[in-house]
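Student: If it helps, the file is called coords.txt and holds compact mmCIF, C-alpha atoms:
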# COMPACT_ATOMS: atom_id res chain seq x y z
CA GLY A 1 82.03 92.76 73.99
CA ASP A 2 85.29 91.36 72.70
CA SER A 3 87.14 89.04 75.06
CA VAL A 4 90.04 86.60 75.31
CA THR A 5 90.11 83.48 77.48
CA GLN A 6 93.33 81.69 78.39
CA MET A 7 93.99 78.53 80.33
CA GLU A 8 94.92 79.16 83.94
CA GLY A 9 98.43 78.52 85.11
CA PRO A 10 100.89 77.85 86.23
CA VAL A 11 101.97 75.41 83.56
CA THR A 12 104.92 73.42 84.89
CA LEU A 13 107.12 71.46 82.47
CA SER A 14 110.48 69.80 82.33
CA GLU A 15 113.04 71.06 79.84
CA GLU A 16 112.47 69.73 76.28
CA ALA A 17 108.79 68.97 76.93
CA PHE A 18 106.05 69.99 74.49
CA LEU A 19 104.10 73.13 75.35
CA THR A 20 100.51 74.07 74.59
CA ILE A 21 98.80 77.13 76.07
CA ASN A 22 95.16 77.40 75.05
CA CYS A 23 93.56 80.67 73.96
CA THR A 24 90.05 81.28 72.66
CA TYR A 25 88.44 84.56 71.72
CA THR A 26 85.11 86.30 71.18
CA ALA A 27 84.95 89.18 68.71
CA THR A 28 82.26 90.87 66.66
CA GLY A 29 84.56 91.91 63.82
CA TYR A 30 87.64 90.45 62.17
CA PRO A 31 90.36 90.40 64.81
CA SER A 32 94.10 90.18 64.60
CA LEU A 33 95.52 87.85 67.24
CA PHE A 34 98.72 88.12 69.25
CA TRP A 35 100.86 86.37 71.83
CA TYR A 36 102.90 88.59 74.13
CA VAL A 37 105.49 87.36 76.65
CA GLN A 38 106.49 88.95 79.96
CA TYR A 39 109.77 87.84 81.54
CA PRO A 40 110.17 88.37 85.29
CA GLY A 41 110.34 92.04 86.27
CA GLU A 42 109.94 93.30 82.71
CA GLY A 43 107.31 94.73 80.40
CA LEU A 44 105.59 92.75 77.64
CA GLN A 45 107.18 91.85 74.30
CA LEU A 46 105.36 90.76 71.16
CA LEU A 47 106.10 87.07 70.55
CA LEU A 48 104.04 86.43 67.41
CA LYS A 49 100.90 87.48 65.59
CA ALA A 50 98.39 86.44 62.92
CA THR A 51 96.11 88.82 61.08
CA LYS A 52 93.63 86.56 59.29
CA ALA A 53 92.11 83.10 59.44
CA ASP A 54 94.49 80.16 58.84
CA ASP A 55 97.58 82.38 59.26
CA LYS A 56 100.36 80.86 61.35
CA GLY A 57 102.50 83.15 63.46
CA SER A 58 105.92 81.89 64.54
CA ASN A 59 108.97 83.15 66.44
CA LYS A 60 111.76 81.65 68.59
CA GLY A 61 110.34 78.13 68.10
CA PHE A 62 106.85 79.15 69.21
CA GLU A 63 103.92 79.02 66.82
CA ALA A 64 100.17 79.60 66.82
CA THR A 65 97.55 79.16 64.11
CA TYR A 66 94.52 81.44 63.74
CA ARG A 67 91.51 79.07 63.72
CA LYS A 68 88.34 80.95 62.90
CA GLU A 69 86.12 77.85 63.04
CA THR A 70 87.06 77.20 66.66
CA THR A 71 87.84 80.86 67.54
CA SER A 72 91.20 79.75 68.90
CA PHE A 73 94.87 80.76 68.79
CA HIS A 74 96.71 78.16 70.86
CA LEU A 75 100.42 78.69 71.53
CA GLU A 76 102.75 75.69 70.98
CA LYS A 77 106.44 74.91 71.23
CA GLY A 78 107.98 71.56 70.54
CA SER A 79 110.78 71.68 73.12
CA VAL A 80 110.77 74.26 75.91
CA GLN A 81 113.86 75.61 77.67
CA VAL A 82 114.34 76.98 81.16
CA SER A 83 114.73 80.43 79.57
CA ASP A 84 111.13 80.21 78.28
CA SER A 85 109.84 80.59 81.85
CA ALA A 86 107.62 83.67 81.73
CA VAL A 87 104.00 84.81 81.64
CA TYR A 88 102.31 84.50 78.24
CA PHE A 89 99.40 86.75 77.22
CA CYS A 90 97.00 86.14 74.36
CA ALA A 91 95.46 89.31 72.90
CA LEU A 92 93.23 90.51 70.10
CA SER A 93 92.80 93.69 68.12
CA ASP A 94 89.46 94.00 66.39
CA LYS A 95 90.15 96.01 63.25
CA GLY A 96 86.57 96.85 62.55
CA ASN A 97 85.48 97.67 66.02
CA THR A 98 88.14 99.22 68.20
CA ASP A 99 91.62 100.54 68.26
CA LYS A 100 92.58 98.82 71.49
CA LEU A 101 94.21 95.53 72.41
CA ILE A 102 92.14 93.15 74.54
CA PHE A 103 94.34 90.91 76.72
CA GLY A 104 93.71 87.57 78.34
CA THR A 105 94.61 87.08 81.99
CA GLY A 106 97.99 85.54 81.25
CA THR A 107 99.43 82.05 81.78
CA ARG A 108 102.57 81.51 83.81
CA LEU A 109 104.99 78.93 82.42
CA GLN A 110 107.61 77.38 84.66
CA VAL A 111 110.25 75.16 83.05
CA PHE A 112 112.56 73.08 85.25
CA PRO A 113 115.86 71.50 84.20
CA ASP B 1 118.84 102.75 71.65
CA GLY B 2 115.17 103.42 70.99
CA GLY B 3 112.63 102.39 73.52
CA ILE B 4 110.27 103.29 76.32
CA THR B 5 111.45 104.29 79.76
CA GLN B 6 109.38 104.34 82.91
CA SER B 7 110.52 105.76 86.18
CA PRO B 8 110.85 104.96 88.93
CA LYS B 9 110.80 101.15 88.96
CA TYR B 10 109.39 101.07 92.51
CA LEU B 11 107.29 103.80 94.11
CA PHE B 12 105.86 104.03 97.60
CA ARG B 13 103.23 106.52 98.71
CA LYS B 14 100.94 107.16 101.63
CA GLU B 15 97.20 106.92 101.15
CA GLY B 16 95.63 110.26 100.19
CA GLN B 17 98.59 111.48 98.16
CA ASN B 18 98.59 111.97 94.40
CA VAL B 19 101.50 110.42 92.56
CA THR B 20 102.72 110.83 88.96
CA LEU B 21 104.32 108.00 86.99
CA SER B 22 106.65 108.93 84.16
CA CYS B 23 106.63 107.42 80.65
CA GLU B 24 108.95 108.59 77.87
CA GLN B 25 109.50 107.11 74.39
CA ASN B 26 112.00 107.94 71.67
CA LEU B 27 110.46 105.72 69.01
CA ASN B 28 108.61 108.60 67.34
CA HIS B 29 105.34 106.78 67.95
CA ASP B 30 102.05 108.64 67.74
CA ALA B 31 100.04 106.44 70.10
CA MET B 32 100.70 105.82 73.79
CA TYR B 33 98.86 103.74 76.39
CA TRP B 34 98.70 103.13 80.14
CA TYR B 35 97.76 99.72 81.56
CA ARG B 36 97.32 98.41 85.04
CA GLN B 37 98.35 94.83 85.83
CA ASP B 38 96.98 92.96 88.84
CA PRO B 39 97.57 89.29 89.68
CA GLY B 40 95.12 87.05 87.88
CA GLN B 41 93.50 89.89 85.95
CA GLY B 42 95.83 90.49 83.04
CA LEU B 43 96.21 93.99 81.68
CA ARG B 44 93.49 96.61 81.87
CA LEU B 45 93.59 99.82 79.83
CA ILE B 46 93.50 103.05 81.84
CA TYR B 47 94.01 105.80 79.22
CA TYR B 48 95.35 106.07 75.72
CA SER B 49 96.41 108.85 73.39
CA GLN B 50 96.59 108.74 69.62
CA ILE B 51 98.05 112.20 69.17
CA VAL B 52 99.50 115.11 71.12
CA ASN B 53 96.95 117.07 73.20
CA ASP B 54 94.33 114.36 72.82
CA PHE B 55 93.57 111.30 74.96
CA GLN B 56 90.70 108.93 75.68
CA LYS B 57 89.54 106.99 78.71
CA GLY B 58 90.10 103.28 78.74
CA ASP B 59 88.20 100.69 80.72
CA ILE B 60 89.27 101.77 84.22
CA ALA B 61 89.98 105.53 84.03
CA GLU B 62 88.32 106.51 87.32
CA GLY B 63 90.83 107.91 89.79
CA TYR B 64 93.50 108.51 87.14
CA SER B 65 94.48 111.45 84.94
CA VAL B 66 96.92 111.91 82.06
CA SER B 67 98.38 114.60 79.83
CA ARG B 68 100.00 114.49 76.40
CA GLU B 69 101.78 117.82 75.90
CA LYS B 70 104.66 116.28 73.97
CA LYS B 71 104.77 113.35 71.56
CA GLU B 72 107.47 111.68 73.63
CA SER B 73 105.82 111.89 77.04
CA PHE B 74 102.60 110.52 78.54
CA PRO B 75 102.63 110.87 82.36
CA LEU B 76 99.98 109.17 84.48
CA THR B 77 98.74 110.66 87.76
CA VAL B 78 97.20 108.31 90.28
CA THR B 79 94.93 110.48 92.39
CA SER B 80 93.68 109.99 95.92
CA ALA B 81 90.29 109.12 94.39
CA GLN B 82 91.65 105.80 93.12
CA LYS B 83 90.37 103.32 95.68
CA ASN B 84 92.90 100.56 95.14
CA PRO B 85 96.02 102.09 93.59
CA THR B 86 98.58 99.44 94.54
CA ALA B 87 99.47 97.68 91.26
CA PHE B 88 102.03 97.27 88.50
CA TYR B 89 101.65 100.02 85.86
CA LEU B 90 102.78 99.52 82.28
CA CYS B 91 103.19 102.16 79.60
CA ALA B 92 103.17 101.24 75.91
CA SER B 93 103.38 102.91 72.53
CA SER B 94 102.61 102.05 68.93
CA PRO B 95 103.38 103.75 65.60
CA ASN B 96 99.76 104.46 64.81
CA LEU B 97 96.32 103.00 65.34
CA VAL B 98 96.58 99.56 66.94
CA ALA B 99 93.94 98.18 64.65
CA ALA B 100 96.15 98.86 61.66
CA ASN B 101 99.37 97.49 63.10
CA GLY B 102 98.67 95.49 66.21
CA GLU B 103 102.03 95.69 67.91
CA GLN B 104 102.57 97.70 71.04
CA TYR B 105 105.98 98.33 72.61
CA PHE B 106 106.05 98.18 76.39
CA GLY B 107 108.16 99.86 79.02
CA PRO B 108 109.60 97.94 82.00
CA GLY B 109 106.80 99.05 84.33
CA THR B 110 106.46 100.85 87.67
CA ARG B 111 105.35 99.00 90.78
CA LEU B 112 103.32 101.37 92.96
CA THR B 113 102.61 100.54 96.59
CA VAL B 114 100.23 102.73 98.57
CA THR B 115 99.92 102.21 102.32
Here is the file; what I need is its structure written in the form of structure tokens.
Tutor:
Amino acid sequence: GDSVTQMEGPVTLSEEAFLTINCTYTATGYPSLFWYVQYPGEGLQLLLKATKADDKGSNKGFEATYRKETTSFHLEKGSVQVSDSAVYFCALSDKGNTDKLIFGTGTRLQVFP
Amino acid sequence: DGGITQSPKYLFRKEGQNVTLSCEQNLNHDAMYWYRQDPGQGLRLIYYSQIVNDFQKGDIAEGYSVSREKKESFPLTVTSAQKNPTAFYLCASSPNLVAANGEQYFGPGTRLTVT
């Protein structure tokens, strides 16, 4: 079945460091891909999305490119802030196969001043 | 302000008791979802509903029940048959089929502790 694999955390960085959180997927159809963020004690919020191969999603300085050849959707940010500390979830929605979101296990990011 | 509300934020129950978690949305969304979040396991879908008076089981429906009598409301009952009910429960909604849109809007969650 469809699945999403994320790198395990926590990822610990100093402020202004470069961030990469890896995400790869398995899907039988043509998925849309998403990154959601969960700040402490809150629900999830959509951070960015991409609906087809080679699309780049971007928001709040974060970006991710839909790579069909490597089945990946890695999240990057050039300079993280303490306020970016949260749990990040990669997810897919397989348009041809299901009407549900499939989530990865989440990656905790901790940014220190 | 439009959004999703879940109440209460923290809930404590004794083993063997049923408990109902509330989820209300004023976004006029057709679809609503319940997820369970456990450490290291991400989100797992319990039930979802695409329209009033209709709902489907997700991946881990055993020990749970839902109803969808109104578009705005999608309460989740955790029954005594659920073997490991202690978890963080998240409710979400979306305008229509996820596959067509992809974005779900989440509530703040309810942390249930059963002892």
Student: Using atom CA of A:Glu8 and atom CA of A:Gly106 as the two end points, give the distance in Å to one decimal.
Tutor: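 Taking atom CA of A:Glu8 and atom CA of A:Gly106, their separation equals 7.6 Å.
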Student: Set the distance at 7 Å and use all atoms listed in the file: which residues neighbour A:Phe18 once local chain neighbours fewer than 6 positions away are removed? I'd like the list as a list in words.
Tutor: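 Skipping anything fewer than 6 positions along the chain leaves Lys77, Gly78, Ser79 and Val80 of chain A.
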Student: Select, as JSON, numbers by chain, those residues of chain A with any atom no more than 12 Å from chain B (distances computed using only C-alpha atoms).
Tutor: {"A": [3, 4, 5, 6, 7, 8, 9, 10, 29, 30, 31, 32, 33, 34, 35, 36, 37, 38, 39, 40, 41, 42, 43, 44, 45, 46, 47, 48, 49, 50, 51, 87, 88, 89, 90, 91, 92, 93, 94, 95, 96, 97, 98, 99, 100, 101, 102, 103, 104, 105, 106, 107, 108]}
Student: Using all atoms listed in the file and a cutoff of 9 Å, can you tell me which residues are near (107.3, 72.9, 84.7) in the file's coordinates, and write them out as a list in words?
Tutor: Pro10, Val11, Thr12, Leu13, Ser14, Glu15, Ala17, Val82, Ser85, Leu109, Gln110, Val111, Phe112 and Pro113 of chain A
Student: Within 9 Å of (102.0, 113.7, 76.7) (coordinates as in the file), grab all the protein and nucleic acid residues, counting all atoms listed in the file, and write them out as a JSON list (two decimals) with C-alpha atoms, keeping the file's coordinate frame.
Tutor:
[["chain", "number", "residue", "atom", "x", "y", "z"],
["B", 23, "CYS", "CA", 106.63, 107.42, 80.65],
["B", 24, "GLU", "CA", 108.95, 108.59, 77.87],
["B", 32, "MET", "CA", 100.70, 105.82, 73.79],
["B", 49, "SER", "CA", 96.41, 108.85, 73.39],
["B", 51, "ILE", "CA", 98.05, 112.20, 69.17],
["B", 52, "VAL", "CA", 99.50, 115.11, 71.12],
["B", 53, "ASN", "CA", 96.95, 117.07, 73.20],
["B", 54, "ASP", "CA", 94.33, 114.36, 72.82],
["B", 55, "PHE", "CA", 93.57, 111.30, 74.96],
["B", 66, "VAL", "CA", 96.92, 111.91, 82.06],
["B", 67, "SER", "CA", 98.38, 114.60, 79.83],
["B", 68, "ARG", "CA", 100.00, 114.49, 76.40],
["B", 69, "GLU", "CA", 101.78, 117.82, 75.90],
["B", 70, "LYS", "CA", 104.66, 116.28, 73.97],
["B", 71, "LYS", "CA", 104.77, 113.35, 71.56],
["B", 72, "GLU", "CA", 107.47, 111.68, 73.63],
["B", 73, "SER", "CA", 105.82, 111.89, 77.04],
["B", 74, "PHE", "CA", 102.60, 110.52, 78.54],
["B", 75, "PRO", "CA", 102.63, 110.87, 82.36]]
Student: Quote the spacing between atom CA of A:Cys23 and atom CA of A:Gly61 in Å to one decimal place.
Tutor: 18.0 Å
Student: Would you mind completing stretch 59-70 of chain B so that it carries all heavy atoms, and writing it out as an mmCIF file, keeping the file's coordinate frame?
Tutor:
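Once written, part.cif looks like this:
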data_model
loop_
_atom_site.group_PDB
_atom_site.id
_atom_site.type_symbol
_atom_site.label_atom_id
_atom_site.label_comp_id
_atom_site.auth_asym_id
_atom_site.auth_seq_id
_atom_site.Cartn_x
_atom_site.Cartn_y
_atom_site.Cartn_z
ATOM 1 N N ASP B 59 89.235 101.426 79.992
ATOM 2 C CA ASP B 59 88.200 100.690 80.720
ATOM 3 C C ASP B 59 88.130 101.024 82.206
ATOM 4 O O ASP B 59 87.099 100.802 82.842
ATOM 5 C CB ASP B 59 88.445 99.187 80.551
ATOM 6 C CG ASP B 59 88.410 98.770 79.082
ATOM 7 O OD1 ASP B 59 87.504 99.243 78.368
ATOM 8 O OD2 ASP B 59 89.280 97.993 78.664
ATOM 9 N N ILE B 60 89.235 101.543 82.765
ATOM 10 C CA ILE B 60 89.270 101.770 84.220
ATOM 11 C C ILE B 60 89.882 103.132 84.531
ATOM 12 O O ILE B 60 90.785 103.262 85.340
ATOM 13 C CB ILE B 60 90.047 100.644 84.942
ATOM 14 C CG1 ILE B 60 91.466 100.471 84.366
ATOM 15 C CG2 ILE B 60 89.303 99.324 84.863
ATOM 16 C CD1 ILE B 60 92.389 99.675 85.278
ATOM 17 N N ALA B 61 89.378 104.194 83.914
ATOM 18 C CA ALA B 61 89.980 105.530 84.030
ATOM 19 C C ALA B 61 89.694 106.227 85.365
ATOM 20 O O ALA B 61 90.390 107.185 85.716
ATOM 21 C CB ALA B 61 89.503 106.395 82.887
ATOM 22 N N GLU B 62 88.702 105.796 86.102
ATOM 23 C CA GLU B 62 88.320 106.510 87.320
ATOM 24 C C GLU B 62 89.456 106.543 88.332
ATOM 25 O O GLU B 62 90.051 105.513 88.656
ATOM 26 C CB GLU B 62 87.093 105.854 87.953
ATOM 27 C CG GLU B 62 86.574 106.597 89.165
ATOM 28 C CD GLU B 62 85.281 106.006 89.712
ATOM 29 O OE1 GLU B 62 84.689 105.133 89.044
ATOM 30 O OE2 GLU B 62 84.874 106.412 90.802
ATOM 31 N N GLY B 63 89.767 107.758 88.823
ATOM 32 C CA GLY B 63 90.830 107.910 89.790
ATOM 33 C C GLY B 63 92.200 108.162 89.177
ATOM 34 O O GLY B 63 93.188 108.268 89.897
ATOM 35 N N TYR B 64 92.250 108.258 87.859
ATOM 36 C CA TYR B 64 93.500 108.510 87.140
ATOM 37 C C TYR B 64 93.347 109.743 86.249
ATOM 38 O O TYR B 64 92.251 110.085 85.837
ATOM 39 C CB TYR B 64 93.866 107.317 86.254
ATOM 40 C CG TYR B 64 94.095 106.019 86.973
ATOM 41 C CD1 TYR B 64 93.083 105.071 87.064
ATOM 42 C CD2 TYR B 64 95.321 105.728 87.559
ATOM 43 C CE1 TYR B 64 93.281 103.864 87.721
ATOM 44 C CE2 TYR B 64 95.530 104.518 88.210
ATOM 45 C CZ TYR B 64 94.504 103.589 88.287
ATOM 46 O OH TYR B 64 94.702 102.409 88.937
ATOM 47 N N SER B 65 94.474 110.381 85.937
ATOM 48 C CA SER B 65 94.480 111.450 84.940
ATOM 49 C C SER B 65 95.778 111.380 84.156
ATOM 50 O O SER B 65 96.780 110.838 84.627
ATOM 51 C CB SER B 65 94.318 112.825 85.594
ATOM 52 O OG SER B 65 95.444 113.125 86.402
ATOM 53 N N VAL B 66 95.747 111.919 82.933
ATOM 54 C CA VAL B 66 96.920 111.910 82.060
ATOM 55 C C VAL B 66 97.039 113.258 81.355
ATOM 56 O O VAL B 66 96.115 114.066 81.356
ATOM 57 C CB VAL B 66 96.852 110.796 80.995
ATOM 58 C CG1 VAL B 66 96.915 109.416 81.625
ATOM 59 C CG2 VAL B 66 95.603 110.950 80.138
ATOM 60 N N SER B 67 98.185 113.459 80.719
ATOM 61 C CA SER B 67 98.380 114.600 79.830
ATOM 62 C C SER B 67 99.259 114.136 78.678
ATOM 63 O O SER B 67 99.999 113.157 78.803
ATOM 64 C CB SER B 67 99.029 115.773 80.571
ATOM 65 O OG SER B 67 100.319 115.420 81.041
ATOM 66 N N ARG B 68 99.159 114.819 77.562
ATOM 67 C CA ARG B 68 100.000 114.490 76.400
ATOM 68 C C ARG B 68 100.404 115.803 75.737
ATOM 69 O O ARG B 68 99.926 116.181 74.685
ATOM 70 C CB ARG B 68 99.234 113.602 75.414
ATOM 71 C CG ARG B 68 100.120 113.106 74.285
ATOM 72 C CD ARG B 68 100.852 111.867 74.601
ATOM 73 N NE ARG B 68 101.808 111.457 73.601
ATOM 74 C CZ ARG B 68 101.519 110.746 72.507
ATOM 75 N NH1 ARG B 68 100.272 110.399 72.238
ATOM 76 N NH2 ARG B 68 102.481 110.403 71.675
ATOM 77 N N GLU B 69 101.315 116.514 76.393
ATOM 78 C CA GLU B 69 101.780 117.820 75.900
ATOM 79 C C GLU B 69 102.882 117.670 74.873
ATOM 80 O O GLU B 69 103.108 118.577 74.062
ATOM 81 C CB GLU B 69 102.226 118.682 77.075
ATOM 82 C CG GLU B 69 101.104 118.996 78.053
ATOM 83 C CD GLU B 69 101.580 119.798 79.258
ATOM 84 O OE1 GLU B 69 102.788 120.107 79.329
ATOM 85 O OE2 GLU B 69 100.744 120.108 80.131
ATOM 86 N N LYS B 70 103.583 116.548 74.926
ATOM 87 C CA LYS B 70 104.660 116.280 73.970
ATOM 88 C C LYS B 70 104.470 114.886 73.400
ATOM 89 O O LYS B 70 103.961 113.985 74.093
ATOM 90 C CB LYS B 70 106.024 116.360 74.646
ATOM 91 C CG LYS B 70 106.368 117.699 75.209
ATOM 92 C CD LYS B 70 107.808 117.704 75.724
ATOM 93 C CE LYS B 70 108.018 116.676 76.813
ATOM 94 N NZ LYS B 70 109.414 116.709 77.345
#
